[in-house]
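Here the structure comes first, spelled out in structure tokens, and everything after it is commentary.
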Amino acid sequence: MSNSLARAGFAAAMVAIGMISAGAHAANVDAPAQVIDLATTAGATAVSAEWRYHDVTIVPTQFPAAGADQQPSGPEQATFDYEPHAGSLRFDDSQWSVIAPESLSARRGHGRLSFNWYRLHLTVPKQVGGLDAEAASLYFATRLDDYAEIWVDGELARPFGGSGASVIAGWNAVNRVLLTRHAMAGQQISIAIFGINGPISDTPSNYIYVREVQLEIRPALPGPAAVPVQEVNVEVDRRDPALDAIVPRNAKLFKLAEGFQFTEGPVWSRQGGYLLFSDPNHNTIYKYEEDATLSVFKEKSGYDGKDIADYGQPGSNGLTFDRQGRLTINEHGRHRVTRIEQDGTLTVLADRYQGTRLNSPNDLVVKSDGAVYFTDPPFGLPKFFDDSRKELPFSGVFRWKNGRLDLLTHDFTGPNGLAFSPDEKYFYLDNWDAAHKLIKRYPVKRDGTLGEGTIFADLTREVPGEEALDGMKIDKLGHLFVSVAGEIWIFDDTGKHLGTVRVPKPVHNFAWGGSDGKTLYLTARSTLYRLPLLVEGVRP
């Protein structure tokens with residue numbers, strides 16, 4: 001086979017093989033496509049792409065044997081792994097060799113049983129392949145000698161029985177993956193290609209190289225959309241053995257839907273057996289059902305004013321249900337907390353404190369007595385703390401009960417996630433503030449107000465960068481789950497950090513759901529995931 005195929009022939013080969021990502025829609029494959037050859041300097045330059053390369057080393061390691069439960073629960077045994085694990089979006093490849101696009105056909109690796117990494121970082125221009133970026137879907141297609149696995153923005157998806165997208169396509173076959181349903185000018189996309197010399201059982205006397213690689217530009221797919229439920233990569237950092245009773249040793253993460261602008265505020269409906277969640281950027285509440293159906297539950301969920309174009313997040317954020325099954329909504333753009341009654345009418349619970357408009361209610365929780373507790377930072381306002389629409393001089397935590405709104409605390413500049421302990425004796429609160437990444441715990445008084453708070457965890461030095469603390473949930477054993485810089489940190493009730501769960505996209509919030517309450521649904525920016533766990537969560 002030649003090292004280079006004509007573009008038309010390459011595209012035809014991909015369609016004929018039928019290797020289509022589970023997240024892509026087959027109908028779009030037949031649409032006319034513009035093609036950028038990423039194996040040329042001109043093509044790479046068109047999308048500001050840079051190729052980097054690194055060899056892989058096979059290393060000995062230890063891993064538990066299969067136990068009686070058929071899971072990795074037995075004694076440690078000798079096996080093998082490889083280095084580096086470079087699929088993650090967070091992986092730092094800045095010290096890797098930069099290679100010219102025309103050199104992709106050079107033979108690399110060590111021959112025989114051999115693996116390697118190619119990483120590509122590209123930026124979407126305003127116009128790509130003759131289309132405005134917002135009108136385009138982007139696909140990545142490559143053929144490696146001999147096999148490849150493709151990571152996109154840190155995610156390696158593998159639908160059951162699938163091949164040819166992210167996972168091995170076949171002998172010198174095409175891997176073709178959907179990069180984005182709706183491209184955006186300036187959007188940065190990272191692609192990691194794991195090259196494999198094969199057949200593995202008949203170790204060959206050749207090397208790994210890239211035969212073809214290109215970017216396809218097609219008309220934008222409708223979206224967002226549910227995808228066939230598919231397993232994706234998950235990493236668990238086990239700091240304490242106690243985590244084994246919370247997160248399975250063989251943890252599984254499943255991708256459910258994609259194509260959102262920014263997912264937030266999820267809540268599981270026990271009555272309906274479905275998940276609701278917000279996209280505050282798109283001003284929409286979505287409904288996800290376990291038969292892999294996604295639908296719009298409520299449009300204009302947070303704002304419909306004439307200045308809506310000024311807002312980055314005009315829509316709803318936090319959602320929850322009260323004891324009567326009524327949905328309670330934090331509306332960013334309207335500066336208020338509302339409730340949908342059983343007959344479908346909307347009741348405004350709170351929009352002002354002592355005559356002054358609230359900032360942008362963020363997250364909320366309902367106590368067993370029906371009181372609604374919510375945080376009110378200005379993050380939903382166009383200019384945050386400096387916005388002229390901001391009237392309150394502080395960011396508060398409030399309680400609404402029986403028509404009365406009380407300020408409970410304004411300790412934090414960016415109060416965000418909140419939760420009660422299972423017995424409701426304590427109230428937890430975290431802070432979205434890069435300079436003060438704190439979790440506080442407050443005793444709950446008999447009248448429902450809060451006592452003096454104490455520092456439960458200070459992560460300021462432990463977690464560098466601008467990302468801070470977001471959503472928070474708790475299980476029935478009192479373990480606290482906190483969104484920390486896009487990761488899920490799990491604490492026991494003493495503040496001990498038991499471990500961390502890292503998923504491909506940054507997680508900003510989560511909700512317990514499923515028939516037994518042991519599934520954690522994760523809102524991770526553009527994506528919705530679910531993570532089955534071993535503990536039952538506290539649900540509304």
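We label chains A, B, ... in the order they appear in the structure tokens, count residues from 1 in each chain, and number ligands from 1 in the order shown.
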Taking only region 180-414 of chain A into account, list the residues labelled strand (DSSP E) by DSSP (computed from the backbone), as a PyMOL selection string.
chain A and resi 180+188-196+209-219+225-232+235-238+253-269+274-279+284-289+293-299+316-321+327-331+336-340+346-350+352-353+356-357+364-366+372-376+396-401+404-409
Quick one: residues within 7 Å of Leu407 (chain A), only C-alpha atoms counted, chain neighbours fewer than 5 positions away excluded, as number ranges by chain?
A: 396-399
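For region 54-262 of chain A, a DSSP pass over the backbone yields helix (DSSP H, G or I) at Pro101, Glu102, Ser103, Leu104, Ser105, Ala133, Glu134, Ala135, Ile200, Ser201, Asp202, Pro241, Ala242, Leu243, Asp244 and Ala245 of chain A.
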Could I get the residues of region 103-215 of chain A with an atom no further than 12 Å from an atom of region 509-526 of chain A, each paired with its nearest atom pair and that distance in Å to one decimal, using only C-alpha atoms, sorted by chain and residue number, as CSV?
```
residue,atom,partner,partner_atom,distance
A:Asp153,CA,A:Ser526,CA,11.2
A:Leu179,CA,A:Ser526,CA,11.9
A:Thr180,CA,A:Ser526,CA,9.8
A:Arg181,CA,A:Ser526,CA,10.4
A:His182,CA,A:Ser526,CA,10.9
```
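If only C-alpha atoms are the atoms counted, then among A:Ile191, A:Ala468, A:Leu498, A:Ile196 the closest residue to Val56 (chain A) is A:Ile196.
Interatomic distance, CA of Asn172 (chain A) to CA of Ala192 (chain A): 17.7 Å.
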If we count only C-alpha atoms, what is near region 315-329 of chain A at a cut-off of 6 Å, once residues fewer than 6 positions away on the same chain are taken out, given as a PyMOL selection string?
chain A and resi 264-265+267+278+280+283+301-303+337-341+362-364+540
Contacts of Pro219 (chain A) at 7 Å (only C-alpha atoms; same-chain gap of 5+ positions) as a PyMOL selection string
chain A and resi 135-137
Selection: 9 Å around Trp117 (chain A), only C-alpha atoms, excl. self and same-chain fewer than 6 positions, as a ChimeraX atom specification
/A:52-56,84,86-87,192-195
Keeping only N, CA, C and O atoms, write the selected residues as a short mmCIF file (atom, residue, chain, number, x, y, z; two decimals), in the first residue's frame.
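Result file is out29.cif:
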```
data_model
loop_
_atom_site.label_atom_id
_atom_site.label_comp_id
_atom_site.auth_asym_id
_atom_site.auth_seq_id
_atom_site.Cartn_x
_atom_site.Cartn_y
_atom_site.Cartn_z
N ARG A 52 3.57 16.63 18.15
CA ARG A 52 4.63 16.23 19.08
C ARG A 52 4.68 14.70 19.15
O ARG A 52 3.67 14.02 18.92
N TYR A 53 5.87 14.18 19.50
CA TYR A 53 6.06 12.73 19.44
C TYR A 53 6.84 12.25 20.67
O TYR A 53 7.72 12.96 21.18
N HIS A 54 6.53 10.97 21.06
CA HIS A 54 7.29 10.34 22.15
C HIS A 54 7.20 8.82 22.02
O HIS A 54 6.13 8.27 21.73
N ASP A 55 8.33 8.14 22.25
CA ASP A 55 8.33 6.68 22.30
C ASP A 55 7.67 6.20 23.58
O ASP A 55 7.56 6.93 24.57
N VAL A 56 7.26 4.95 23.57
CA VAL A 56 6.64 4.30 24.73
C VAL A 56 7.58 3.22 25.25
O VAL A 56 8.19 2.49 24.47
N PRO A 84 4.93 6.80 28.66
CA PRO A 84 4.02 7.56 29.52
C PRO A 84 2.55 7.31 29.17
O PRO A 84 2.24 6.91 28.04
N ALA A 86 -0.23 9.15 28.12
CA ALA A 86 -0.29 10.51 27.58
C ALA A 86 -1.63 10.85 26.92
O ALA A 86 -1.71 11.79 26.14
N GLY A 87 -2.69 10.11 27.24
CA GLY A 87 -3.97 10.41 26.62
C GLY A 87 -4.71 11.56 27.27
O GLY A 87 -5.52 12.23 26.63
N ALA A 192 -4.65 12.81 20.86
CA ALA A 192 -3.51 11.94 21.18
C ALA A 192 -3.72 10.61 20.45
O ALA A 192 -4.78 9.99 20.56
N ILE A 193 -2.72 10.20 19.69
CA ILE A 193 -2.78 8.95 18.92
C ILE A 193 -1.80 7.96 19.53
O ILE A 193 -0.59 8.23 19.61
N PHE A 194 -2.32 6.83 19.96
CA PHE A 194 -1.47 5.76 20.49
C PHE A 194 -1.21 4.78 19.35
O PHE A 194 -2.12 4.10 18.88
N GLY A 195 0.03 4.76 18.88
CA GLY A 195 0.39 3.87 17.78
C GLY A 195 0.80 2.50 18.28
O GLY A 195 1.46 2.37 19.32
#
```
In Å, rounded to a single decimal, give me how far CA of His497 (chain A) is from CA of Arg238 (chain A).
9.6 Å
For Ile246 (chain A), find every residue with an atom within 10 Å (counting only C-alpha atoms), except residues of its own chain fewer than 3 positions away, and show them as JSON, numbers by chain.
{"A": [241, 242, 243, 249, 475, 477, 479, 490, 498, 499, 518, 532, 533, 534, 535, 536]}
Could those selected residues go to a file with C-alpha atoms, as a PDB file, in the first residue's frame?
```
ATOM      1  CA  PRO A 241      -8.076   2.050  51.661  1.00  0.00           C
ATOM      2  CA  ALA A 242     -11.465   3.335  52.802  1.00  0.00           C
ATOM      3  CA  LEU A 243     -12.091   4.495  49.221  1.00  0.00           C
ATOM      4  CA  ARG A 249     -11.683  -1.225  42.241  1.00  0.00           C
ATOM      5  CA  ASP A 475     -23.602  10.067  50.573  1.00  0.00           C
ATOM      6  CA  LEU A 477     -22.441   7.488  55.206  1.00  0.00           C
ATOM      7  CA  HIS A 479     -18.662  11.089  52.694  1.00  0.00           C
ATOM      8  CA  ILE A 490     -13.924  12.453  48.224  1.00  0.00           C
ATOM      9  CA  LEU A 498      -9.739   9.568  50.735  1.00  0.00           C
ATOM     10  CA  GLY A 499      -9.148   9.816  47.013  1.00  0.00           C
ATOM     11  CA  LYS A 518     -25.785   4.580  43.867  1.00  0.00           C
ATOM     12  CA  PRO A 532     -21.722   3.672  39.297  1.00  0.00           C
ATOM     13  CA  LEU A 533     -20.534   3.600  42.913  1.00  0.00           C
ATOM     14  CA  LEU A 534     -20.869   1.332  45.952  1.00  0.00           C
ATOM     15  CA  VAL A 535     -22.639   3.778  48.276  1.00  0.00           C
ATOM     16  CA  GLU A 536     -26.080   5.362  48.222  1.00  0.00           C
TER      17      GLU A 536
END
```
Pick out the residues sitting within 8 Å of Glu83 (chain A), and hand them over as a PyMOL selection string; count only C-alpha atoms, and ignore anything fewer than 5 positions along from it in its own chain.
chain A and resi 56-59
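Across the structure, CA of Arg108 (chain A) and CA of Glu216 (chain A) are spaced 25.8 Å apart.
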Of the candidates A:Thr40, A:Thr284, A:Ser114, A:Gln313, which one gets nearest to Ser201 (chain A) if we count only C-alpha atoms?
A:Ser114
Find the nearest atom pair between each residue of region 427-514 of chain A and region 410-423 of chain A for residues within 7 Å, count only C-alpha atoms, give distances in Å to one decimal, sort rows by chain and ascending number, and present the table as a tab-separated table.
```
residue	atom	partner	partner_atom	distance
A:Phe427	CA	A:Phe420	CA	4.6
A:Tyr428	CA	A:Ala419	CA	5.2
A:Leu429	CA	A:Leu418	CA	4.5
A:Asp430	CA	A:Gly417	CA	5.4
A:Asn431	CA	A:Pro415	CA	4.7
A:Trp432	CA	A:Gly414	CA	4.8
A:Asp433	CA	A:Gly414	CA	5.8
A:Asp470	CA	A:Gly417	CA	5.3
A:Gly471	CA	A:Gly417	CA	4.4
A:Met472	CA	A:Gly417	CA	4.8
A:Lys473	CA	A:Ala419	CA	5.9
A:Ile474	CA	A:Ala419	CA	6.7
A:Lys476	CA	A:Pro422	CA	5.7
A:Gly478	CA	A:Ser421	CA	6.1
```
